[in-house]
$ cat start-v2.csv   # CSV, C-alpha atoms
chain,number,residue,atom,x,y,z
A,10,MET,CA,-92.4,-49.5,-23.0
A,11,ARG,CA,-91.6,-52.1,-25.6
A,12,ILE,CA,-92.9,-50.0,-28.4
A,13,ILE,CA,-91.2,-46.8,-27.2
A,14,LEU,CA,-87.9,-48.5,-27.0
A,15,THR,CA,-87.9,-49.9,-30.5
A,16,THR,CA,-84.9,-48.7,-32.4
A,17,ALA,CA,-84.2,-46.4,-29.6
A,18,LEU,CA,-80.6,-46.4,-30.1
A,19,ALA,CA,-80.7,-47.2,-33.4
A,20,ALA,CA,-77.2,-47.7,-33.8
A,21,LEU,CA,-77.4,-49.0,-37.2
A,22,LEU,CA,-79.9,-50.8,-39.4
A,23,PRO,CA,-79.6,-54.6,-39.6
A,24,LEU,CA,-76.1,-55.6,-40.5
A,25,SER,CA,-76.2,-59.3,-40.6
A,26,ALA,CA,-76.4,-59.5,-44.4
A,27,GLN,CA,-73.6,-57.1,-44.8
A,28,ALA,CA,-71.3,-58.4,-42.1
A,29,ALA,CA,-67.9,-58.8,-43.5
A,30,PRO,CA,-65.7,-61.7,-42.7
A,31,THR,CA,-63.0,-59.5,-41.2
A,32,GLY,CA,-64.3,-59.4,-37.7
A,33,GLU,CA,-63.0,-61.8,-35.1
A,34,ARG,CA,-65.5,-64.2,-33.7
A,35,VAL,CA,-65.5,-63.9,-29.9
A,36,THR,CA,-67.5,-65.0,-26.9
A,37,LEU,CA,-67.7,-62.3,-24.3
A,38,ARG,CA,-69.4,-61.8,-20.9
A,39,GLY,CA,-70.1,-58.4,-19.5
A,40,GLU,CA,-72.6,-55.7,-18.5
A,41,LEU,CA,-74.4,-53.6,-21.1
A,42,ILE,CA,-73.7,-50.1,-20.0
A,43,ASP,CA,-74.8,-46.5,-20.7
A,44,THR,CA,-71.7,-45.2,-22.5
A,45,TRP,CA,-72.4,-41.5,-22.1
A,46,CYS,CA,-72.7,-41.6,-18.3
A,47,TYR,CA,-69.9,-44.1,-18.1
A,48,PHE,CA,-67.4,-42.2,-20.2
A,49,SER,CA,-68.3,-38.6,-19.3
A,50,GLY,CA,-68.4,-39.0,-15.6
A,51,VAL,CA,-71.3,-36.5,-15.4
A,52,MET,CA,-73.3,-38.7,-13.1
A,53,GLY,CA,-70.5,-40.0,-11.0
A,54,GLY,CA,-67.6,-42.3,-11.1
A,55,PRO,CA,-67.5,-45.5,-13.2
A,56,ASP,CA,-68.5,-47.7,-10.3
A,57,ALA,CA,-71.6,-45.7,-9.7
A,58,VAL,CA,-73.0,-45.6,-13.2
A,59,VAL,CA,-73.2,-49.3,-13.8
A,60,GLY,CA,-75.5,-51.9,-12.3
A,61,SER,CA,-78.8,-51.4,-10.6
A,62,ALA,CA,-77.9,-47.9,-9.3
A,63,HIS,CA,-77.9,-46.5,-12.8
A,64,HIS,CA,-80.5,-48.7,-14.4
A,65,THR,CA,-83.3,-46.1,-14.8
A,66,CYS,CA,-80.9,-43.5,-16.2
A,67,ALA,CA,-79.4,-46.0,-18.5
A,68,MET,CA,-82.7,-46.9,-19.9
A,69,TRP,CA,-83.5,-43.2,-20.6
A,70,CYS,CA,-80.1,-42.7,-22.2
A,71,ALA,CA,-80.6,-45.7,-24.4
A,72,ALA,CA,-84.0,-44.6,-25.4
A,73,GLY,CA,-82.6,-41.2,-26.2
A,74,GLY,CA,-80.0,-42.4,-28.6
A,75,ILE,CA,-76.9,-42.9,-26.4
A,76,PRO,CA,-75.0,-45.9,-27.7
A,77,VAL,CA,-75.0,-49.0,-25.6
A,78,GLY,CA,-71.7,-50.6,-24.8
A,79,MET,CA,-70.4,-53.6,-23.0
A,80,LEU,CA,-68.1,-53.5,-20.1
A,81,GLY,CA,-66.5,-56.8,-20.5
A,82,GLU,CA,-65.3,-58.9,-17.6
A,83,ASP,CA,-61.9,-58.7,-19.4
A,84,GLY,CA,-62.0,-55.0,-18.4
A,85,GLU,CA,-62.4,-53.8,-22.0
A,86,THR,CA,-65.2,-51.6,-23.1
A,87,TYR,CA,-67.0,-52.4,-26.4
A,88,MET,CA,-69.3,-50.3,-28.5
A,89,ILE,CA,-72.3,-52.3,-29.5
A,90,LEU,CA,-73.2,-51.8,-33.2
A,91,LYS,CA,-75.9,-54.4,-33.3
A,92,LEU,CA,-77.7,-56.8,-31.1
A,93,PRO,CA,-79.7,-59.8,-32.4
A,94,ASP,CA,-83.1,-59.0,-33.7
A,95,ASP,CA,-86.1,-59.6,-31.5
A,96,ASP,CA,-88.5,-61.4,-33.8
A,97,GLU,CA,-91.5,-60.7,-31.6
A,98,SER,CA,-91.1,-57.0,-31.6
A,99,ALA,CA,-89.5,-56.5,-35.0
A,100,GLY,CA,-86.2,-55.7,-33.4
A,101,GLY,CA,-84.7,-52.9,-31.6
A,102,ASP,CA,-86.0,-52.7,-28.1
A,103,THR,CA,-83.4,-55.1,-26.8
A,104,PHE,CA,-81.0,-52.2,-26.6
A,105,VAL,CA,-83.0,-50.7,-23.8
A,106,GLU,CA,-84.5,-53.8,-22.2
A,107,LEU,CA,-81.0,-55.2,-21.7
A,108,THR,CA,-79.4,-52.2,-20.2
A,109,ASN,CA,-77.2,-53.1,-17.2
A,110,ASP,CA,-77.9,-56.8,-17.7
A,111,THR,CA,-74.8,-59.0,-17.6
A,112,ILE,CA,-74.9,-61.2,-20.6
A,113,GLU,CA,-72.7,-63.7,-22.4
A,114,ALA,CA,-72.7,-63.2,-26.2
A,115,GLU,CA,-71.3,-64.5,-29.3
A,116,ALA,CA,-70.2,-61.6,-31.6
A,117,LEU,CA,-67.9,-60.4,-34.3
A,118,LEU,CA,-65.3,-58.0,-32.9
A,119,TYR,CA,-64.0,-55.2,-35.0
A,120,GLU,CA,-61.3,-52.8,-33.9
A,121,ARG,CA,-61.1,-49.3,-35.4
A,122,ASP,CA,-59.4,-46.2,-34.4
A,123,GLY,CA,-58.4,-47.7,-31.1
A,124,LEU,CA,-62.0,-48.6,-30.2
A,125,LYS,CA,-63.6,-52.0,-30.1
A,126,TYR,CA,-67.0,-52.7,-31.8
A,127,LEU,CA,-69.3,-55.6,-31.5
A,128,VAL,CA,-71.9,-57.0,-33.9
A,129,VAL,CA,-73.6,-59.5,-31.6
A,130,SER,CA,-75.0,-62.5,-33.3
A,131,GLU,CA,-76.4,-64.3,-30.2
A,132,ILE,CA,-76.9,-63.7,-26.6
A,133,THR,CA,-76.2,-67.1,-25.1
A,134,SER,CA,-77.1,-66.2,-21.5
A,135,ASN,CA,-78.5,-63.3,-19.5
A,136,GLU,CA,-78.0,-63.0,-15.8
A,137,GLY,CA,-80.2,-59.9,-15.4
A,138,ILE,CA,-78.6,-57.3,-13.2
A,139,PRO,CA,-76.4,-59.0,-10.6
A,140,ASN,CA,-74.4,-55.9,-10.1
A,141,ARG,CA,-76.4,-54.4,-7.3
A,142,THR,CA,-74.7,-51.1,-7.0
A,143,HIS,CA,-77.8,-49.4,-5.6
A,144,GLU,CA,-76.8,-51.0,-2.3
A,145,ASP,CA,-73.8,-48.8,-2.2
A,146,PHE,CA,-74.9,-45.7,-4.2
A,147,GLY,CA,-78.7,-45.6,-4.1
A,148,VAL,CA,-80.2,-44.3,-7.3
A,149,ILE,CA,-77.7,-42.6,-9.6
A,150,PRO,CA,-78.6,-39.9,-10.4
A,151,GLY,CA,-81.1,-39.4,-7.6
A,152,PHE,CA,-83.5,-37.5,-9.8
A,153,ALA,CA,-83.8,-40.5,-12.2
A,154,ILE,CA,-86.5,-41.8,-9.9
A,155,PRO,CA,-88.7,-39.2,-8.1
A,156,ASP,CA,-88.6,-39.4,-4.3
A,157,ALA,CA,-92.3,-40.0,-4.1
A,158,VAL,CA,-91.8,-43.2,-6.2
A,159,VAL,CA,-88.9,-44.3,-4.1
A,160,ASP,CA,-90.9,-43.7,-0.9
A,161,LYS,CA,-93.8,-45.6,-2.3
A,162,VAL,CA,-91.7,-48.6,-3.3
A,163,LEU,CA,-89.8,-48.7,-0.1
A,164,GLY,CA,-92.9,-48.2,1.9
A,165,ALA,CA,-94.4,-51.2,0.3
A,166,GLU,CA,-91.6,-53.5,1.2
B,10,MET,CA,-64.1,-53.9,-10.4
B,11,ARG,CA,-63.1,-50.4,-9.5
B,12,HIS,CA,-59.7,-50.7,-10.9
B,13,THR,CA,-61.0,-52.4,-14.0
B,14,ALA,CA,-63.6,-49.8,-14.6
B,15,CYS,CA,-61.1,-46.9,-14.2
B,16,LEU,CA,-58.7,-48.5,-16.5
B,17,ALA,CA,-61.3,-49.1,-19.1
B,18,LEU,CA,-62.4,-45.6,-18.8
B,19,ALA,CA,-58.9,-44.2,-19.1
B,20,VAL,CA,-58.2,-46.3,-22.2
B,21,ALA,CA,-61.4,-45.3,-23.9
B,22,LEU,CA,-61.0,-41.6,-23.2
B,23,SER,CA,-57.4,-41.4,-24.2
B,24,GLY,CA,-58.1,-43.6,-27.1
B,25,GLY,CA,-55.5,-45.8,-28.6
B,26,PRO,CA,-53.4,-45.3,-31.6
B,27,ALA,CA,-55.3,-43.4,-34.3
B,28,LEU,CA,-55.3,-46.4,-36.6
B,29,ALA,CA,-58.2,-47.5,-38.8
B,30,GLY,CA,-57.9,-51.2,-37.9
B,31,SER,CA,-60.6,-53.5,-39.2
B,32,PRO,CA,-62.6,-52.5,-42.2
B,33,LEU,CA,-66.1,-51.3,-41.4
B,34,PRO,CA,-68.3,-54.4,-41.1
B,35,PHE,CA,-70.9,-53.0,-43.5
B,36,ASP,CA,-71.2,-50.8,-46.5
B,37,VAL,CA,-72.3,-47.3,-45.6
B,38,GLY,CA,-72.7,-44.0,-47.3
B,39,GLY,CA,-74.2,-42.9,-50.6
B,40,PRO,CA,-76.0,-40.2,-52.5
B,41,PHE,CA,-78.5,-37.8,-51.0
B,42,GLU,CA,-80.3,-34.7,-52.2
B,43,LEU,CA,-81.5,-32.3,-49.5
B,44,THR,CA,-82.0,-28.7,-48.8
B,45,ASP,CA,-79.8,-26.6,-46.5
B,46,GLN,CA,-80.7,-23.9,-44.1
B,47,HIS,CA,-80.4,-21.3,-46.8
B,48,GLY,CA,-82.9,-23.1,-49.1
B,49,ASP,CA,-80.2,-24.3,-51.4
B,50,THR,CA,-80.2,-27.8,-52.8
B,51,ARG,CA,-77.3,-29.8,-51.4
B,52,THR,CA,-76.2,-33.3,-52.5
B,53,ASP,CA,-73.5,-35.5,-51.3
B,54,GLU,CA,-71.4,-34.1,-54.2
B,55,SER,CA,-71.8,-30.6,-52.8
B,56,TYR,CA,-69.3,-31.5,-50.1
B,57,ARG,CA,-66.6,-33.0,-52.2
B,58,GLY,CA,-63.1,-31.6,-51.9
B,59,LYS,CA,-62.9,-31.5,-48.1
B,60,PRO,CA,-63.5,-34.0,-45.3
B,61,ALA,CA,-66.8,-33.8,-43.4
B,62,LEU,CA,-68.3,-35.0,-40.1
B,63,LEU,CA,-71.9,-36.0,-40.6
B,64,PHE,CA,-74.5,-36.5,-37.8
B,65,PHE,CA,-78.2,-37.3,-38.0
B,66,GLY,CA,-80.3,-35.6,-35.4
B,67,TYR,CA,-82.7,-32.7,-35.0
B,68,ALA,CA,-82.5,-29.2,-33.7
B,69,GLN,CA,-84.8,-29.6,-30.7
B,70,CYS,CA,-83.4,-32.9,-29.6
B,71,GLN,CA,-82.7,-32.7,-25.8
B,72,SER,CA,-81.0,-36.1,-25.7
B,73,ILE,CA,-78.1,-37.4,-27.7
B,74,CYS,CA,-77.9,-34.4,-30.1
B,75,SER,CA,-77.2,-32.1,-27.2
B,76,VAL,CA,-74.2,-34.3,-26.5
B,77,ALA,CA,-73.1,-35.1,-30.0
B,78,LEU,CA,-73.5,-31.8,-31.8
B,79,PRO,CA,-71.4,-29.7,-29.4
B,80,ARG,CA,-68.7,-32.4,-29.4
B,81,MET,CA,-68.7,-32.6,-33.1
B,82,ALA,CA,-68.5,-28.8,-33.3
B,83,GLU,CA,-65.6,-28.6,-30.8
B,84,ALA,CA,-63.8,-31.3,-32.8
B,85,VAL,CA,-64.2,-29.2,-35.9
B,86,ASP,CA,-62.7,-26.2,-34.1
B,87,LEU,CA,-59.8,-28.3,-32.9
B,88,LEU,CA,-59.3,-29.5,-36.4
B,89,ASP,CA,-59.3,-26.0,-37.7
B,90,GLU,CA,-56.6,-25.2,-35.2
B,91,ALA,CA,-54.6,-28.2,-36.5
B,92,GLY,CA,-55.0,-26.8,-40.0
B,93,ALA,CA,-57.6,-29.3,-41.2
B,94,GLU,CA,-60.8,-27.7,-42.4
B,95,VAL,CA,-63.6,-30.2,-41.9
B,96,GLN,CA,-67.2,-29.5,-42.9
B,97,PRO,CA,-69.8,-30.3,-40.2
B,98,ILE,CA,-73.1,-31.6,-41.5
B,99,LEU,CA,-76.4,-32.2,-39.7
B,100,ILE,CA,-79.1,-34.2,-41.5
B,101,THR,CA,-82.4,-33.8,-39.6
B,102,VAL,CA,-84.7,-36.6,-38.7
B,103,ASP,CA,-87.4,-34.1,-37.9
B,104,PRO,CA,-88.4,-32.3,-41.1
B,105,ALA,CA,-91.7,-31.1,-39.8
B,106,ARG,CA,-90.0,-28.8,-37.3
B,107,ASP,CA,-86.5,-28.5,-39.0
B,108,THR,CA,-87.6,-26.4,-41.9
B,109,PRO,CA,-84.9,-24.4,-43.7
B,110,GLU,CA,-86.0,-21.4,-41.8
B,111,ALA,CA,-85.9,-23.1,-38.4
B,112,LEU,CA,-82.5,-24.6,-39.2
B,113,ALA,CA,-81.2,-21.2,-40.3
B,114,ALA,CA,-82.1,-19.9,-36.8
B,115,ALA,CA,-80.6,-22.9,-35.0
B,116,ALA,CA,-77.5,-23.8,-37.0
B,117,PRO,CA,-75.3,-20.9,-36.1
B,118,ASP,CA,-75.6,-21.8,-32.4
B,119,MET,CA,-74.4,-25.3,-33.2
B,120,HIS,CA,-71.4,-24.3,-35.3
B,121,PRO,CA,-71.0,-21.2,-37.6
B,122,ARG,CA,-70.0,-23.5,-40.5
B,123,LEU,CA,-72.6,-26.1,-39.9
B,124,SER,CA,-74.5,-27.2,-43.0
B,125,ALA,CA,-78.0,-28.2,-41.7
B,126,LEU,CA,-80.0,-30.3,-44.1
B,127,THR,CA,-83.7,-31.1,-44.4
B,128,GLY,CA,-85.9,-32.4,-47.0
B,129,SER,CA,-89.0,-34.4,-47.8
B,130,ASP,CA,-89.7,-37.5,-45.8
B,131,ALA,CA,-88.7,-39.6,-48.8
B,132,ALA,CA,-85.4,-37.8,-49.4
B,133,LEU,CA,-84.4,-38.0,-45.7
B,134,ALA,CA,-85.4,-41.7,-45.5
B,135,ALA,CA,-83.1,-42.3,-48.5
B,136,ALA,CA,-80.2,-40.5,-46.8
B,137,ARG,CA,-80.8,-42.5,-43.6
B,138,LYS,CA,-80.9,-45.7,-45.6
B,139,SER,CA,-77.6,-44.8,-47.2
B,140,TYR,CA,-76.0,-44.3,-43.8
B,141,ARG,CA,-77.9,-47.1,-42.1
B,142,VAL,CA,-79.4,-44.9,-39.6
B,143,GLU,CA,-82.7,-45.7,-37.9
B,144,SER,CA,-85.1,-43.1,-36.7
B,145,LYS,CA,-88.3,-43.5,-34.9
B,146,ARG,CA,-90.8,-41.2,-33.3
B,147,ILE,CA,-91.1,-42.5,-29.8
B,148,GLY,CA,-93.2,-40.0,-28.0
B,149,GLU,CA,-94.3,-36.4,-27.5
B,150,ASP,CA,-93.4,-33.7,-25.1
B,151,VAL,CA,-94.7,-30.1,-24.8
B,152,ASP,CA,-92.4,-29.0,-27.6
B,153,GLY,CA,-93.4,-31.7,-30.0
B,154,PRO,CA,-92.3,-35.1,-31.0
B,155,ILE,CA,-89.3,-37.0,-29.6
B,156,TYR,CA,-87.2,-39.1,-31.9
B,157,ALA,CA,-84.9,-41.9,-31.2
B,158,HIS,CA,-82.2,-42.1,-33.9
B,159,GLY,CA,-78.8,-43.5,-34.7
B,160,SER,CA,-76.1,-41.4,-33.2
B,161,PHE,CA,-72.8,-42.3,-34.6
B,162,ILE,CA,-70.8,-39.6,-36.3
B,163,TYR,CA,-69.6,-40.4,-39.8
B,164,LEU,CA,-66.2,-39.2,-41.0
B,165,LEU,CA,-66.3,-38.6,-44.8
B,166,GLY,CA,-63.3,-38.2,-46.9
B,167,PRO,CA,-62.9,-35.5,-49.5
B,168,ASP,CA,-64.3,-37.9,-52.1
B,169,GLY,CA,-67.4,-38.6,-50.0
B,170,GLU,CA,-66.3,-42.0,-48.9
B,171,VAL,CA,-67.1,-43.0,-45.4
B,172,LEU,CA,-63.7,-43.3,-43.7
B,173,SER,CA,-65.0,-44.3,-40.3
B,174,LEU,CA,-67.7,-43.7,-37.7
B,175,MET,CA,-67.3,-42.5,-34.2
B,176,PRO,CA,-69.5,-42.9,-31.1
B,177,PRO,CA,-70.8,-39.5,-30.1
B,178,VAL,CA,-69.6,-40.1,-26.5
B,179,LEU,CA,-66.0,-39.6,-27.5
B,180,ALA,CA,-64.3,-36.5,-26.3
B,181,PRO,CA,-63.8,-33.8,-29.0
B,182,GLU,CA,-60.1,-34.2,-28.7
B,183,ARG,CA,-60.4,-37.8,-29.5
B,184,MET,CA,-62.7,-37.2,-32.5
B,185,ALA,CA,-60.2,-34.7,-33.8
B,186,GLU,CA,-57.4,-37.1,-33.3
B,187,ILE,CA,-59.1,-39.9,-35.1
B,188,THR,CA,-60.1,-37.6,-38.0
B,189,LEU,CA,-56.6,-36.3,-38.4
B,190,GLY,CA,-55.3,-39.9,-38.5
B,191,TYR,CA,-57.3,-40.4,-41.7
B,192,LEU,CA,-56.3,-37.1,-43.3
B,193,LYS,CA,-52.5,-37.5,-43.0
$ encode --input "start-v2.csv" --output "structure tokens"
Amino acid sequence: MRIILTTALAALLPLSAQAAPTGERVTLRGELIDTWCYFSGVMGGPDAVVGSAHHTCAMWCAAGGIPVGMLGEDGETYMILKLPDDDESAGGDTFVELTNDTIEAEALLYERDGLKYLVVSEITSNEGIPNRTHEDFGVIPGFAIPDAVVDKVLGAE
Amino acid sequence: MRHTACLALAVALSGGPALAGSPLPFDVGGPFELTDQHGDTRTDESYRGKPALLFFGYAQCQSICSVALPRMAEAVDLLDEAGAEVQPILITVDPARDTPEALAAAAPDMHPRLSALTGSDAALAAARKSYRVESKRIGEDVDGPIYAHGSFIYLLGPDGEVLSLMPPVLAPERMAEITLGYLK
């Protein structure tokens, strides 16, 4: 999975050397979300396409090129332009590996065209996926995990 | 959480004021020399004189391209209606399958005015480098390779300068609104 996810989203090539001083340095906490399913509503309302319920779909979306965003605890949504490089894997897979994790990050914030963008310089904490939405919604969408797999996992519990 | 999420969604979908805001946090854009679906050589200078929306993807992409390209095409149509002719451009990340002939067959279904560009691996890599787009072959399915690739849509001014970039998840109306904001 690690290799497959490399650069998946590929938002942009490394930016650190080119980062302009115009961004506002911020510290933010929030969940890394699948922006397509969140904004489009194709898989359900916004409460259903965050957290554990949507984790499998979010990973597929991230691997397929859907930009990852952050749903901040301040209620704002941020488009992620860059996450810190992962030295061990030559960078990139963090976009997918972190989907639906709630993180705290230091970043440069840029606002353009009414949208907020982040160039993340450091993830200072990662709480994993505390947003256990599957308890309310199950798997969203249901087909993200085949029934046989769900039965097998639940049967093993 | 529900209220917060709904509010965030509403703001994001409706957009805010169509203002540029902060400068882009990086230099992006540059020359390229590629081949379009008619077999003609196209460079970045070929598109000077009118604004353009540029996306990197591939014709058989079942993921982000199937979201981004229709949205970009609809934005172009909305801009037409607003009296702003914008050139839609696709630069492939899959030159093995996206030959000029294949793009000639696929492009009209994406947008009748789409300029679909392909080229050698080196020429395409140079274009991606200019626009800071990553692309990686991540797997295979029955139809061939699957690529992960950068998916932001670039707005180019009539002089070829990158005016802004837009997430492909924006509604076409919002893409058109942002674009018009730069063309006034």
$ closest_residue --input "start-v2.csv" --among "A:Leu41, A:Val158, A:Ile132, A:Leu118" --to "Glu82 (chain A)" --atoms "all atoms listed in the file"
A:Leu41
$ atom_distance --input "start-v2.csv" --atom1 "CA of Arg106 (chain B)" --atom2 "CA of Asp118 (chain B)"
16.7 Å
$ residues_around --input "start-v2.csv" --residues "region 42-53 of chain B" --least-positions-apart "5" --cutoff "7 Å" --atoms "only C-alpha atoms" --output "mmCIF file with C-alpha atoms, in the coordinates of the input"
data_model
loop_
_atom_site.group_PDB
_atom_site.id
_atom_site.type_symbol
_atom_site.label_atom_id
_atom_site.label_comp_id
_atom_site.auth_asym_id
_atom_site.auth_seq_id
_atom_site.Cartn_x
_atom_site.Cartn_y
_atom_site.Cartn_z
ATOM 1 C CA PRO B 109 -84.900 -24.400 -43.700
ATOM 2 C CA GLU B 110 -86.000 -21.400 -41.800
ATOM 3 C CA LEU B 112 -82.500 -24.600 -39.200
ATOM 4 C CA ALA B 113 -81.200 -21.200 -40.300
ATOM 5 C CA SER B 124 -74.500 -27.200 -43.000
ATOM 6 C CA ALA B 125 -78.000 -28.200 -41.700
ATOM 7 C CA LEU B 126 -80.000 -30.300 -44.100
ATOM 8 C CA THR B 127 -83.700 -31.100 -44.400
ATOM 9 C CA GLY B 128 -85.900 -32.400 -47.000
ATOM 10 C CA ALA B 132 -85.400 -37.800 -49.400
ATOM 11 C CA GLY B 169 -67.400 -38.600 -50.000
#
$ residues_around --input "start-v2.csv" --residues "Ala114 (chain A)" --least-positions-apart "3" --cutoff "6 Å" --atoms "all atoms listed in the file" --output "ChimeraX atom specification"
/A:36-37,131-133
$ residues_around --input "start-v2.csv" --residues "Trp45 (chain A)" --least-positions-apart "6" --cutoff "12 Å" --atoms "all atoms listed in the file" --output "MDAnalysis selection string"
(chainID A and resid 51:53 55 58:59 63 66:71 73:78 88) or (chainID B and resid 18 21:22 72:73 75:77 160 176:180)
$ atom_distance --input "start-v2.csv" --atom1 "CA of Phe161 (chain B)" --atom2 "CA of Leu78 (chain B)"
10.9 Å
$ atom_distance --input "start-v2.csv" --atom1 "CA of Ile155 (chain B)" --atom2 "CA of Asp107 (chain B)"
13.0 Å
$ residues_near_point --input "start-v2.csv" --point "(-67.2, -30.7, -32.4)" --cutoff "10 Å" --atoms "only C-alpha atoms" --output "list in words"
Leu62, Val76, Ala77, Leu78, Pro79, Arg80, Met81, Ala82, Glu83, Ala84, Val85, Asp86, Leu87, Leu88, Pro97, Met119, His120, Pro177, Ala180, Pro181, Glu182, Met184 and Ala185 of chain B
$ closest_residue --input "start-v2.csv" --among "A:Leu90, A:Ile154, A:Met79, A:Ala116" --to "Phe35 (chain B)" --atoms "only C-alpha atoms"
A:Leu90
$ closest_residue --input "start-v2.csv" --among "A:Gly32, A:Gly39, A:Gly151, A:Gly81" --to "Leu33 (chain B)" --atoms "all atoms listed in the file"
A:Gly32
$ closest_residue --input "start-v2.csv" --among "A:Asp110, A:Asp43, A:Glu33, A:Asp122" --to "chain B" --atoms "all atoms listed in the file"
A:Asp122
$ build_atoms --input "start-v2.csv" --residues "region 50-56 of chain A" --atoms "all heavy atoms" --output "PDB file, in the coordinates of the input"
ATOM      1  N   GLY A  50     -68.552 -39.233 -17.019  1.00  0.00           N
ATOM      2  CA  GLY A  50     -68.400 -39.000 -15.600  1.00  0.00           C
ATOM      3  C   GLY A  50     -69.408 -37.965 -15.053  1.00  0.00           C
ATOM      4  O   GLY A  50     -69.318 -37.570 -13.884  1.00  0.00           O
ATOM      5  N   VAL A  51     -70.385 -37.558 -15.871  1.00  0.00           N
ATOM      6  CA  VAL A  51     -71.300 -36.500 -15.400  1.00  0.00           C
ATOM      7  C   VAL A  51     -72.196 -36.928 -14.284  1.00  0.00           C
ATOM      8  O   VAL A  51     -72.707 -36.100 -13.539  1.00  0.00           O
ATOM      9  CB  VAL A  51     -72.165 -35.962 -16.592  1.00  0.00           C
ATOM     10  CG1 VAL A  51     -71.315 -35.280 -17.636  1.00  0.00           C
ATOM     11  CG2 VAL A  51     -72.984 -37.094 -17.214  1.00  0.00           C
ATOM     12  N   MET A  52     -72.403 -38.220 -14.160  1.00  0.00           N
ATOM     13  CA  MET A  52     -73.300 -38.700 -13.100  1.00  0.00           C
ATOM     14  C   MET A  52     -72.549 -39.382 -11.967  1.00  0.00           C
ATOM     15  O   MET A  52     -73.158 -39.960 -11.079  1.00  0.00           O
ATOM     16  CB  MET A  52     -74.329 -39.688 -13.701  1.00  0.00           C
ATOM     17  CG  MET A  52     -75.256 -39.064 -14.713  1.00  0.00           C
ATOM     18  SD  MET A  52     -76.249 -37.730 -14.005  1.00  0.00           S
ATOM     19  CE  MET A  52     -77.140 -37.179 -15.476  1.00  0.00           C
ATOM     20  N   GLY A  53     -71.243 -39.340 -12.035  1.00  0.00           N
ATOM     21  CA  GLY A  53     -70.500 -40.000 -11.000  1.00  0.00           C
ATOM     22  C   GLY A  53     -69.396 -40.860 -11.566  1.00  0.00           C
ATOM     23  O   GLY A  53     -69.252 -40.984 -12.782  1.00  0.00           O
ATOM     24  N   GLY A  54     -68.649 -41.473 -10.669  1.00  0.00           N
ATOM     25  CA  GLY A  54     -67.600 -42.300 -11.100  1.00  0.00           C
ATOM     26  C   GLY A  54     -68.033 -43.585 -11.782  1.00  0.00           C
ATOM     27  O   GLY A  54     -69.220 -43.931 -11.723  1.00  0.00           O
ATOM     28  N   PRO A  55     -67.131 -44.276 -12.428  1.00  0.00           N
ATOM     29  CA  PRO A  55     -67.500 -45.500 -13.200  1.00  0.00           C
ATOM     30  C   PRO A  55     -68.184 -46.552 -12.399  1.00  0.00           C
ATOM     31  O   PRO A  55     -69.015 -47.295 -12.926  1.00  0.00           O
ATOM     32  CB  PRO A  55     -66.213 -45.916 -13.849  1.00  0.00           C
ATOM     33  CG  PRO A  55     -65.121 -45.256 -13.075  1.00  0.00           C
ATOM     34  CD  PRO A  55     -65.687 -43.992 -12.550  1.00  0.00           C
ATOM     35  N   ASP A  56     -67.855 -46.659 -11.137  1.00  0.00           N
ATOM     36  CA  ASP A  56     -68.500 -47.700 -10.300  1.00  0.00           C
ATOM     37  C   ASP A  56     -69.939 -47.396 -10.000  1.00  0.00           C
ATOM     38  O   ASP A  56     -70.717 -48.306  -9.692  1.00  0.00           O
ATOM     39  CB  ASP A  56     -67.716 -47.890  -9.009  1.00  0.00           C
ATOM     40  CG  ASP A  56     -66.358 -48.532  -9.238  1.00  0.00           C
ATOM     41  OD1 ASP A  56     -66.166 -49.129 -10.314  1.00  0.00           O
ATOM     42  OD2 ASP A  56     -65.497 -48.428  -8.354  1.00  0.00           O
TER      43      ASP A  56
END
